[in-house]
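Note: the block below is run.csv and it holds CSV, C-alpha atoms.
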chain,number,residue,atom,x,y,z
A,1,MET,CA,-18.5,107.3,-82.1
A,2,ALA,CA,-15.9,105.0,-80.8
A,3,GLN,CA,-13.8,105.6,-83.9
A,4,ARG,CA,-14.1,109.4,-83.4
A,5,LYS,CA,-12.9,109.1,-79.8
A,6,ALA,CA,-10.0,106.9,-80.8
A,7,ALA,CA,-9.0,109.4,-83.5
A,8,ALA,CA,-9.3,112.3,-81.1
A,9,ALA,CA,-7.2,110.4,-78.5
A,10,LYS,CA,-4.6,109.7,-81.2
A,11,HIS,CA,-4.6,113.4,-82.3
A,12,LYS,CA,-4.2,114.4,-78.7
A,13,GLY,CA,-1.3,112.0,-78.2
A,14,VAL,CA,0.7,113.6,-81.0
A,15,MET,CA,0.4,117.1,-79.4
A,16,ALA,CA,3.3,118.3,-77.4
A,17,LYS,CA,2.8,119.7,-73.9
A,18,ASP,CA,3.1,123.3,-75.2
A,19,GLY,CA,0.5,122.7,-77.8
A,20,VAL,CA,2.9,122.1,-80.7
A,21,SER,CA,2.1,119.0,-82.7
A,22,ALA,CA,4.7,116.3,-83.4
A,23,ASN,CA,4.6,117.3,-87.0
A,24,ASP,CA,5.8,120.8,-86.0
A,25,ALA,CA,8.6,119.5,-83.8
A,26,ALA,CA,12.3,119.6,-84.7
A,27,PRO,CA,13.0,117.5,-87.9
A,28,PRO,CA,14.7,114.2,-87.4
A,29,LYS,CA,18.4,114.1,-87.7
A,30,ASP,CA,19.9,113.4,-91.1
A,31,ARG,CA,21.5,110.0,-90.3
A,32,ARG,CA,23.1,109.8,-93.7
A,33,ARG,CA,24.8,113.2,-93.2
A,34,GLU,CA,25.9,112.2,-89.7
A,35,ARG,CA,27.5,109.0,-91.0
A,36,GLY,CA,29.2,111.0,-93.8
A,37,GLU,CA,30.6,113.5,-91.3
A,38,ALA,CA,31.8,110.7,-89.0
A,39,SER,CA,33.5,109.0,-91.9
A,40,VAL,CA,35.3,112.2,-92.9
A,41,GLN,CA,36.5,112.7,-89.4
A,42,ARG,CA,37.8,109.2,-89.2
A,43,ILE,CA,39.8,109.7,-92.4
A,44,ILE,CA,41.2,113.0,-91.1
A,45,ASP,CA,42.2,111.4,-87.8
A,46,ALA,CA,43.9,108.5,-89.6
A,47,THR,CA,45.8,110.9,-91.9
A,48,ILE,CA,47.0,112.9,-88.9
A,49,GLU,CA,48.2,109.8,-87.2
A,50,LEU,CA,50.1,108.5,-90.3
A,51,ILE,CA,51.7,111.9,-91.0
A,52,ALA,CA,52.8,112.3,-87.4
A,53,GLU,CA,54.3,108.9,-87.3
A,54,GLU,CA,55.8,108.5,-90.8
A,55,GLY,CA,55.8,111.9,-92.5
A,56,LEU,CA,54.2,112.7,-95.8
A,57,ALA,CA,56.2,110.6,-98.3
A,58,SER,CA,54.7,107.3,-97.3
A,59,VAL,CA,51.1,108.5,-96.9
A,60,THR,CA,48.8,107.3,-99.7
A,61,MET,CA,45.1,107.3,-100.2
A,62,GLN,CA,45.2,103.5,-100.1
A,63,ARG,CA,47.2,103.4,-96.8
A,64,ILE,CA,44.8,105.9,-95.3
A,65,ALA,CA,41.8,103.7,-96.4
A,66,GLU,CA,43.4,100.6,-94.8
A,67,HIS,CA,44.1,102.5,-91.6
A,68,VAL,CA,40.5,103.5,-91.4
A,69,GLY,CA,39.2,100.1,-92.4
A,70,SER,CA,37.4,101.4,-95.5
A,71,SER,CA,37.8,101.4,-99.2
A,72,ASN,CA,40.1,103.6,-101.2
A,73,ALA,CA,37.0,104.7,-103.2
A,74,LEU,CA,35.4,106.1,-100.0
A,75,VAL,CA,38.4,108.3,-99.3
A,76,VAL,CA,38.4,109.5,-102.9
A,77,PHE,CA,34.6,110.1,-102.7
A,78,HIS,CA,35.0,112.4,-99.6
A,79,PHE,CA,38.2,114.3,-100.7
A,80,GLY,CA,38.8,113.7,-104.4
A,81,SER,CA,42.6,113.8,-104.1
A,82,LYS,CA,45.4,113.5,-101.6
A,83,GLU,CA,46.1,117.2,-101.8
A,84,ASN,CA,42.5,118.0,-100.9
A,85,LEU,CA,42.8,115.7,-98.0
A,86,PHE,CA,46.0,117.3,-96.8
A,87,ARG,CA,44.3,120.7,-97.1
A,88,ALA,CA,41.4,119.4,-95.0
A,89,VAL,CA,43.7,118.1,-92.4
A,90,LEU,CA,45.7,121.3,-92.0
A,91,GLN,CA,42.4,123.3,-92.0
A,92,TYR,CA,41.1,121.1,-89.2
A,93,LEU,CA,44.2,121.5,-87.1
A,94,SER,CA,44.2,125.3,-87.7
A,95,ASP,CA,40.6,125.5,-86.6
A,96,ARG,CA,41.3,123.6,-83.4
A,97,TYR,CA,44.2,125.9,-82.5
A,98,ASP,CA,42.0,128.9,-83.2
A,99,GLU,CA,39.3,127.5,-80.9
A,100,LEU,CA,41.8,127.2,-78.1
A,101,TRP,CA,43.2,130.7,-78.8
A,102,VAL,CA,39.8,132.2,-78.7
A,103,THR,CA,39.0,130.5,-75.4
A,104,LEU,CA,42.3,131.5,-73.7
A,105,VAL,CA,43.1,134.8,-75.3
A,106,ARG,CA,39.9,136.4,-76.4
A,107,ALA,CA,37.6,135.6,-73.5
A,108,PRO,CA,35.6,138.7,-72.4
A,109,GLY,CA,36.9,140.6,-69.4
A,110,LEU,CA,40.5,139.6,-69.7
A,111,SER,CA,43.2,142.2,-69.1
A,112,PRO,CA,46.1,142.5,-71.7
A,113,VAL,CA,48.3,140.7,-69.2
A,114,ASP,CA,45.8,137.8,-68.8
A,115,ARG,CA,45.4,137.6,-72.5
A,116,LEU,CA,49.1,137.4,-73.1
A,117,LEU,CA,49.4,134.7,-70.5
A,118,GLY,CA,46.6,133.0,-72.3
A,119,ALA,CA,48.7,133.1,-75.5
A,120,VAL,CA,51.6,131.5,-73.6
A,121,ASN,CA,49.3,128.8,-72.2
A,122,CYS,CA,47.8,128.2,-75.6
A,123,ALA,CA,51.1,127.3,-77.2
A,124,GLN,CA,52.0,124.9,-74.3
A,125,ASN,CA,48.6,123.3,-73.8
A,126,PHE,CA,48.0,122.6,-77.4
A,127,ALA,CA,51.3,120.8,-77.7
A,128,ARG,CA,50.7,118.8,-74.5
A,129,GLN,CA,47.2,117.8,-75.3
A,130,HIS,CA,47.7,117.0,-79.0
A,131,PRO,CA,51.4,116.2,-79.7
A,132,LYS,CA,50.5,114.4,-83.0
A,133,TRP,CA,48.7,117.6,-84.2
A,134,VAL,CA,51.8,119.6,-83.5
A,135,SER,CA,53.9,117.0,-85.3
A,136,VAL,CA,51.7,117.4,-88.4
A,137,PHE,CA,52.1,121.2,-88.2
A,138,VAL,CA,55.9,120.7,-88.2
A,139,VAL,CA,55.8,118.3,-91.1
A,140,PHE,CA,53.7,120.5,-93.2
A,141,SER,CA,55.8,123.6,-92.6
A,142,SER,CA,59.1,121.8,-93.2
A,143,ASP,CA,58.3,119.6,-96.2
A,144,ARG,CA,58.9,121.3,-99.6
A,145,LYS,CA,55.9,119.7,-101.3
A,146,SER,CA,53.5,120.6,-98.6
A,147,MET,CA,54.9,124.0,-97.7
A,148,GLN,CA,52.6,125.7,-100.2
A,149,ILE,CA,49.6,124.3,-98.5
A,150,TYR,CA,50.9,125.4,-95.1
A,151,ASN,CA,51.6,128.9,-96.5
A,152,GLU,CA,48.0,129.2,-97.7
A,153,ILE,CA,46.3,127.8,-94.6
A,154,GLY,CA,48.6,127.7,-91.6
A,155,LEU,CA,50.9,130.8,-92.1
A,156,PRO,CA,48.2,133.4,-92.2
A,157,SER,CA,46.9,132.3,-88.9
A,158,ASP,CA,50.4,132.2,-87.4
A,159,LEU,CA,51.0,135.8,-88.6
A,160,ALA,CA,47.6,136.9,-87.1
A,161,TYR,CA,48.4,135.4,-83.7
A,162,THR,CA,51.8,137.1,-83.7
A,163,ALA,CA,50.3,140.4,-84.6
A,164,GLU,CA,47.6,140.1,-81.9
A,165,ALA,CA,50.3,139.2,-79.3
A,166,ARG,CA,52.3,142.2,-80.5
A,167,GLU,CA,49.4,144.5,-79.9
A,168,LEU,CA,49.1,143.2,-76.4
A,169,LEU,CA,52.8,143.9,-75.8
A,170,ILE,CA,52.3,147.4,-77.0
A,171,GLU,CA,49.3,147.9,-74.7
A,172,ILE,CA,51.1,146.5,-71.6
A,173,SER,CA,54.2,148.7,-72.4
A,174,ARG,CA,52.1,151.8,-72.8
A,175,SER,CA,49.7,151.3,-69.8
A,176,GLY,CA,52.6,150.2,-67.6
A,177,GLY,CA,54.8,153.2,-68.4
A,178,TYR,CA,57.6,151.0,-69.7
A,179,THR,CA,60.2,152.7,-71.9
A,180,GLY,CA,63.0,151.2,-74.1
A,181,VAL,CA,61.2,147.9,-74.7
A,182,ASP,CA,61.9,146.5,-78.2
A,183,ILE,CA,58.4,145.3,-78.9
A,184,ASP,CA,59.2,143.9,-82.4
A,185,THR,CA,62.1,141.8,-81.1
A,186,LEU,CA,60.2,140.6,-78.1
A,187,SER,CA,57.2,139.6,-80.2
A,188,GLU,CA,59.3,137.7,-82.7
A,189,SER,CA,61.3,136.1,-79.9
A,190,LEU,CA,58.1,134.7,-78.4
A,191,ASN,CA,57.0,133.4,-81.8
A,192,TYR,CA,60.4,131.8,-82.4
A,193,LEU,CA,60.2,130.1,-79.0
A,194,VAL,CA,56.9,128.5,-79.8
A,195,HIS,CA,57.8,127.2,-83.2
A,196,GLY,CA,61.3,126.1,-82.1
A,197,ALA,CA,59.8,124.2,-79.1
A,198,TRP,CA,57.3,122.5,-81.3
A,199,TYR,CA,59.9,121.4,-83.8
A,200,TRP,CA,62.2,120.2,-81.0
A,201,ASP,CA,59.4,118.3,-79.3
A,202,HIS,CA,58.6,116.6,-82.6
A,203,LEU,CA,62.2,115.4,-82.9
A,204,ASN,CA,62.5,114.6,-79.2
A,205,PRO,CA,59.1,113.5,-77.9
A,206,ARG,CA,60.4,112.6,-74.5
A,207,GLY,CA,61.0,116.2,-73.6
A,208,ARG,CA,57.7,117.6,-74.5
A,209,ASP,CA,56.1,117.4,-71.0
A,210,THR,CA,58.6,119.9,-69.5
A,211,ASN,CA,57.8,123.5,-68.6
A,212,VAL,CA,60.8,124.9,-70.5
A,213,LEU,CA,58.7,126.7,-73.1
A,214,ARG,CA,56.5,128.5,-70.6
A,215,LYS,CA,59.4,129.3,-68.3
A,216,THR,CA,61.4,130.8,-71.1
A,217,MET,CA,58.5,132.9,-72.4
A,218,LEU,CA,57.8,134.2,-68.9
A,219,LEU,CA,61.4,135.0,-68.4
A,220,LEU,CA,61.4,137.2,-71.5
A,221,LEU,CA,58.2,138.9,-70.4
A,222,HIS,CA,59.5,139.4,-66.9
A,223,GLN,CA,62.6,141.1,-68.2
A,224,ALA,CA,60.5,143.5,-70.3
A,225,PHE,CA,57.7,144.0,-67.9
A,226,PRO,CA,58.9,143.1,-64.4
A,227,ARG,CA,55.9,144.5,-62.6
A,228,HIS,CA,53.4,142.6,-64.6
A,229,PHE,CA,55.0,139.1,-65.1
A,230,GLU,CA,56.4,136.9,-62.4
A,231,LEU,CA,59.0,134.3,-63.0
A,232,MET,CA,57.8,130.7,-63.0
A,233,ARG,CA,59.3,128.5,-60.2
Starting from the file, give its structure as structure tokens.
Amino acid sequence: MAQRKAAAAKHKGVMAKDGVSANDAAPPKDRRRERGEASVQRIIDATIELIAEEGLASVTMQRIAEHVGSSNALVVFHFGSKENLFRAVLQYLSDRYDELWVTLVRAPGLSPVDRLLGAVNCAQNFARQHPKWVSVFVVFSSDRKSMQIYNEIGLPSDLAYTAEARELLIEISRSGGYTGVDIDTLSESLNYLVHGAWYWDHLNPRGRDTNVLRKTMLLLLHQAFPRHFELMR
């Protein structure tokens, strides 16, 4: 009898408050998978730091492993080759920029003006918050050996952002009754400003905290749509 009570009490103890047993609860986390994902992220972070500081030529799998404090075999296990690692790095950075773009440009309820201002802020905020990430973008897009990787991963996103901003310019021009605005030139000018500023900040890190990029972009927008964009003081 005592054994039955003990068994019943044990059974009751493994029941959740809502009547779901512990066996039916969420499965335990896969610790091995979590450790693997953390290891991959450490390698990506180390690669970003080395590329931003030294460029691509001196970055080897062995140096990355030393930077992380792991073996070269572990880096090879996760990525297979340096090219695969570089692809993973560029994809990671592209995904982070896309997340910020979605937050600032595609949030529900934003007007075309607010969305375009979000695009302006996205370019500046990303560079300020993650200068090394921007440096890696610059290195990938300017190095002959890595340019193919950039053209496959980074360039399509850049073109998509430019096209999205162009559609916003068209909508503002149409709804605001503006005439004579050269949308194509304005769109490309904004794009050139972003990439030119990122390149210059990579070469001259001391100047990256200024508001020159945002001020210049708003100046162009004010000239095209004076009723919709105010000059930054």
Separation of CA of Leu50 in chain A from CA of Ile64 in chain A, in Å and rounded to one decimal: 7.7 Å
Residues within 10 Å of Met217 in chain A, all atoms listed in the file, excluding chain neighbours under 3 positions, as a VMD selection string: chain A and resid 117 120 186 189 to 191 193 to 194 212 to 214 220 to 222 231 to 232
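CA of Gly109 in chain A is positioned 27.0 Å from CA of Leu93 in chain A.
In this structure, CA of Pro156 in chain A sits 22.8 Å away from CA of Glu171 in chain A.
Of the listed residues A:Thr162, A:Ser187, A:Asn84, A:Ser157, the one whose atoms come nearest to Arg96 in chain A is A:Ser157, with distances taken using all atoms listed in the file.
Proximity ranking of A:Leu100, A:Glu34, A:Trp133, A:Gly118 relative to Ala46 in chain A places A:Trp133 first, based on all atoms listed in the file.
Of the listed residues (A:His67, A:Gln41, A:Asp98, A:Met61), A:Met61 comes nearest to Ser81 in chain A; the distances count all atoms listed in the file.
Using all atoms listed in the file, the nearest neighbour of Glu53 in chain A within the list A:Ile149, A:Leu168, A:Val134, A:Val102 is A:Val134.
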Counting all atoms listed in the file, the residue of A:Gly69, A:Pro205, A:Gly196, A:Gly154 that sits nearest His130 in chain A: A:Pro205
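Omitting Ile51 in chain A and its sequence neighbours fewer than 6 positions away, and counting only C-alpha atoms, the residues within 9 Å are Ala57, Ser58, Val59, Lys132, Ser135, Val136 and Val139 of chain A.
Nearest residue to Phe79 in chain A, choosing from A:Gly55, A:Pro112, A:Gly180, A:Gly36 and counting only C-alpha atoms: A:Gly36.
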Selection near range 73-78 of chain A, 12 Å with all atoms listed in the file, sequence-local residues under 5 positions removed, as a ChimeraX atom specification: /A:35-44,46-47,60-68,83-85,88
Residues as selected, C-alpha atoms, written as a PDB file, in the frame of the given file, can you do that?
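File part.pdb, as written:
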ATOM      1  CA  ARG A  35      27.500 109.000 -91.000  1.00  0.00           C
ATOM      2  CA  GLY A  36      29.200 111.000 -93.800  1.00  0.00           C
ATOM      3  CA  GLU A  37      30.600 113.500 -91.300  1.00  0.00           C
ATOM      4  CA  ALA A  38      31.800 110.700 -89.000  1.00  0.00           C
ATOM      5  CA  SER A  39      33.500 109.000 -91.900  1.00  0.00           C
ATOM      6  CA  VAL A  40      35.300 112.200 -92.900  1.00  0.00           C
ATOM      7  CA  GLN A  41      36.500 112.700 -89.400  1.00  0.00           C
ATOM      8  CA  ARG A  42      37.800 109.200 -89.200  1.00  0.00           C
ATOM      9  CA  ILE A  43      39.800 109.700 -92.400  1.00  0.00           C
ATOM     10  CA  ILE A  44      41.200 113.000 -91.100  1.00  0.00           C
ATOM     11  CA  ALA A  46      43.900 108.500 -89.600  1.00  0.00           C
ATOM     12  CA  THR A  47      45.800 110.900 -91.900  1.00  0.00           C
ATOM     13  CA  THR A  60      48.800 107.300 -99.700  1.00  0.00           C
ATOM     14  CA  MET A  61      45.100 107.300-100.200  1.00  0.00           C
ATOM     15  CA  GLN A  62      45.200 103.500-100.100  1.00  0.00           C
ATOM     16  CA  ARG A  63      47.200 103.400 -96.800  1.00  0.00           C
ATOM     17  CA  ILE A  64      44.800 105.900 -95.300  1.00  0.00           C
ATOM     18  CA  ALA A  65      41.800 103.700 -96.400  1.00  0.00           C
ATOM     19  CA  GLU A  66      43.400 100.600 -94.800  1.00  0.00           C
ATOM     20  CA  HIS A  67      44.100 102.500 -91.600  1.00  0.00           C
ATOM     21  CA  VAL A  68      40.500 103.500 -91.400  1.00  0.00           C
ATOM     22  CA  GLU A  83      46.100 117.200-101.800  1.00  0.00           C
ATOM     23  CA  ASN A  84      42.500 118.000-100.900  1.00  0.00           C
ATOM     24  CA  LEU A  85      42.800 115.700 -98.000  1.00  0.00           C
ATOM     25  CA  ALA A  88      41.400 119.400 -95.000  1.00  0.00           C
TER      26      ALA A  88
END
All residues 7 Å or closer to range 164-166 of chain A, all atoms listed in the file, same chain fewer than 4 positions away omitted, as a PyMOL selection string: chain A and resi 116+160+170+187
Keeping N, CA and C atoms, write range 109-143 of chain A of the structure just shown out as a PDB file, in the first residue's frame.
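Final file, part_32.pdb:
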ATOM      1  N   GLY A 109       2.899  50.172 -41.418  1.00  0.00           N
ATOM      2  CA  GLY A 109       2.344  51.490 -41.130  1.00  0.00           C
ATOM      3  C   GLY A 109       3.209  52.667 -41.495  1.00  0.00           C
ATOM      4  N   LEU A 110       4.399  52.430 -42.004  1.00  0.00           N
ATOM      5  CA  LEU A 110       5.277  53.544 -42.368  1.00  0.00           C
ATOM      6  C   LEU A 110       4.858  54.143 -43.707  1.00  0.00           C
ATOM      7  N   SER A 111       4.927  55.465 -43.793  1.00  0.00           N
ATOM      8  CA  SER A 111       4.681  56.148 -45.054  1.00  0.00           C
ATOM      9  C   SER A 111       5.909  56.008 -45.947  1.00  0.00           C
ATOM     10  N   PRO A 112       5.782  56.270 -47.245  1.00  0.00           N
ATOM     11  CA  PRO A 112       6.953  56.222 -48.121  1.00  0.00           C
ATOM     12  C   PRO A 112       8.083  57.144 -47.645  1.00  0.00           C
ATOM     13  N   VAL A 113       7.733  58.309 -47.116  1.00  0.00           N
ATOM     14  CA  VAL A 113       8.762  59.221 -46.597  1.00  0.00           C
ATOM     15  C   VAL A 113       9.470  58.599 -45.406  1.00  0.00           C
ATOM     16  N   ASP A 114       8.709  58.025 -44.476  1.00  0.00           N
ATOM     17  CA  ASP A 114       9.313  57.394 -43.303  1.00  0.00           C
ATOM     18  C   ASP A 114      10.177  56.202 -43.701  1.00  0.00           C
ATOM     19  N   ARG A 115       9.731  55.463 -44.694  1.00  0.00           N
ATOM     20  CA  ARG A 115      10.504  54.315 -45.150  1.00  0.00           C
ATOM     21  C   ARG A 115      11.821  54.757 -45.788  1.00  0.00           C
ATOM     22  N   LEU A 116      11.765  55.841 -46.552  1.00  0.00           N
ATOM     23  CA  LEU A 116      12.989  56.330 -47.178  1.00  0.00           C
ATOM     24  C   LEU A 116      13.947  56.886 -46.125  1.00  0.00           C
ATOM     25  N   LEU A 117      13.410  57.560 -45.128  1.00  0.00           N
ATOM     26  CA  LEU A 117      14.250  58.016 -44.013  1.00  0.00           C
ATOM     27  C   LEU A 117      14.843  56.819 -43.273  1.00  0.00           C
ATOM     28  N   GLY A 118      14.061  55.733 -43.189  1.00  0.00           N
ATOM     29  CA  GLY A 118      14.578  54.520 -42.587  1.00  0.00           C
ATOM     30  C   GLY A 118      15.752  53.958 -43.358  1.00  0.00           C
ATOM     31  N   ALA A 119      15.686  54.041 -44.686  1.00  0.00           N
ATOM     32  CA  ALA A 119      16.801  53.587 -45.517  1.00  0.00           C
ATOM     33  C   ALA A 119      18.048  54.436 -45.283  1.00  0.00           C
ATOM     34  N   VAL A 120      17.839  55.755 -45.143  1.00  0.00           N
ATOM     35  CA  VAL A 120      18.951  56.651 -44.835  1.00  0.00           C
ATOM     36  C   VAL A 120      19.568  56.279 -43.485  1.00  0.00           C
ATOM     37  N   ASN A 121      18.727  56.070 -42.499  1.00  0.00           N
ATOM     38  CA  ASN A 121      19.214  55.729 -41.160  1.00  0.00           C
ATOM     39  C   ASN A 121      19.879  54.357 -41.136  1.00  0.00           C
ATOM     40  N   CYS A 122      19.373  53.441 -41.949  1.00  0.00           N
ATOM     41  CA  CYS A 122      19.936  52.097 -41.996  1.00  0.00           C
ATOM     42  C   CYS A 122      21.396  52.139 -42.410  1.00  0.00           C
ATOM     43  N   ALA A 123      21.692  52.899 -43.452  1.00  0.00           N
ATOM     44  CA  ALA A 123      23.062  52.983 -43.948  1.00  0.00           C
ATOM     45  C   ALA A 123      24.002  53.561 -42.892  1.00  0.00           C
ATOM     46  N   GLN A 124      23.548  54.622 -42.207  1.00  0.00           N
ATOM     47  CA  GLN A 124      24.401  55.253 -41.206  1.00  0.00           C
ATOM     48  C   GLN A 124      24.504  54.433 -39.933  1.00  0.00           C
ATOM     49  N   ASN A 125      23.386  53.913 -39.440  1.00  0.00           N
ATOM     50  CA  ASN A 125      23.393  53.161 -38.191  1.00  0.00           C
ATOM     51  C   ASN A 125      24.226  51.891 -38.291  1.00  0.00           C
ATOM     52  N   PHE A 126      24.112  51.209 -39.420  1.00  0.00           N
ATOM     53  CA  PHE A 126      24.875  49.977 -39.604  1.00  0.00           C
ATOM     54  C   PHE A 126      26.371  50.268 -39.549  1.00  0.00           C
ATOM     55  N   ALA A 127      26.776  51.344 -40.199  1.00  0.00           N
ATOM     56  CA  ALA A 127      28.198  51.695 -40.219  1.00  0.00           C
ATOM     57  C   ALA A 127      28.691  52.115 -38.843  1.00  0.00           C
ATOM     58  N   ARG A 128      27.862  52.824 -38.096  1.00  0.00           N
ATOM     59  CA  ARG A 128      28.272  53.271 -36.765  1.00  0.00           C
ATOM     60  C   ARG A 128      28.312  52.135 -35.752  1.00  0.00           C
ATOM     61  N   GLN A 129      27.328  51.257 -35.821  1.00  0.00           N
ATOM     62  CA  GLN A 129      27.237  50.180 -34.853  1.00  0.00           C
ATOM     63  C   GLN A 129      28.241  49.060 -35.130  1.00  0.00           C
ATOM     64  N   HIS A 130      28.557  48.859 -36.418  1.00  0.00           N
ATOM     65  CA  HIS A 130      29.415  47.728 -36.778  1.00  0.00           C
ATOM     66  C   HIS A 130      30.464  48.150 -37.813  1.00  0.00           C
ATOM     67  N   PRO A 131      31.393  49.000 -37.434  1.00  0.00           N
ATOM     68  CA  PRO A 131      32.378  49.480 -38.411  1.00  0.00           C
ATOM     69  C   PRO A 131      33.210  48.369 -39.034  1.00  0.00           C
ATOM     70  N   LYS A 132      33.513  47.325 -38.247  1.00  0.00           N
ATOM     71  CA  LYS A 132      34.306  46.231 -38.804  1.00  0.00           C
ATOM     72  C   LYS A 132      33.512  45.451 -39.841  1.00  0.00           C
ATOM     73  N   TRP A 133      32.205  45.364 -39.641  1.00  0.00           N
ATOM     74  CA  TRP A 133      31.373  44.681 -40.633  1.00  0.00           C
ATOM     75  C   TRP A 133      31.414  45.430 -41.956  1.00  0.00           C
ATOM     76  N   VAL A 134      31.338  46.758 -41.874  1.00  0.00           N
ATOM     77  CA  VAL A 134      31.397  47.567 -43.085  1.00  0.00           C
ATOM     78  C   VAL A 134      32.754  47.412 -43.769  1.00  0.00           C
ATOM     79  N   SER A 135      33.818  47.363 -42.976  1.00  0.00           N
ATOM     80  CA  SER A 135      35.152  47.185 -43.552  1.00  0.00           C
ATOM     81  C   SER A 135      35.253  45.867 -44.311  1.00  0.00           C
ATOM     82  N   VAL A 136      34.620  44.835 -43.789  1.00  0.00           N
ATOM     83  CA  VAL A 136      34.645  43.543 -44.480  1.00  0.00           C
ATOM     84  C   VAL A 136      33.878  43.629 -45.799  1.00  0.00           C
ATOM     85  N   PHE A 137      32.730  44.312 -45.784  1.00  0.00           N
ATOM     86  CA  PHE A 137      32.001  44.529 -47.035  1.00  0.00           C
ATOM     87  C   PHE A 137      32.890  45.211 -48.064  1.00  0.00           C
ATOM     88  N   VAL A 138      33.601  46.243 -47.633  1.00  0.00           N
ATOM     89  CA  VAL A 138      34.469  47.003 -48.544  1.00  0.00           C
ATOM     90  C   VAL A 138      35.573  46.113 -49.089  1.00  0.00           C
ATOM     91  N   VAL A 139      36.195  45.331 -48.217  1.00  0.00           N
ATOM     92  CA  VAL A 139      37.291  44.451 -48.639  1.00  0.00           C
ATOM     93  C   VAL A 139      36.797  43.437 -49.662  1.00  0.00           C
ATOM     94  N   PHE A 140      35.667  42.809 -49.383  1.00  0.00           N
ATOM     95  CA  PHE A 140      35.133  41.801 -50.299  1.00  0.00           C
ATOM     96  C   PHE A 140      34.793  42.402 -51.661  1.00  0.00           C
ATOM     97  N   SER A 141      34.261  43.617 -51.667  1.00  0.00           N
ATOM     98  CA  SER A 141      33.819  44.213 -52.929  1.00  0.00           C
ATOM     99  C   SER A 141      34.956  44.836 -53.722  1.00  0.00           C
ATOM    100  N   SER A 142      36.132  44.967 -53.110  1.00  0.00           N
ATOM    101  CA  SER A 142      37.234  45.629 -53.803  1.00  0.00           C
ATOM    102  C   SER A 142      38.413  44.694 -54.081  1.00  0.00           C
ATOM    103  N   ASP A 143      38.405  43.499 -53.519  1.00  0.00           N
ATOM    104  CA  ASP A 143      39.482  42.543 -53.746  1.00  0.00           C
ATOM    105  C   ASP A 143      39.125  41.655 -54.931  1.00  0.00           C
TER     106      ASP A 143
END
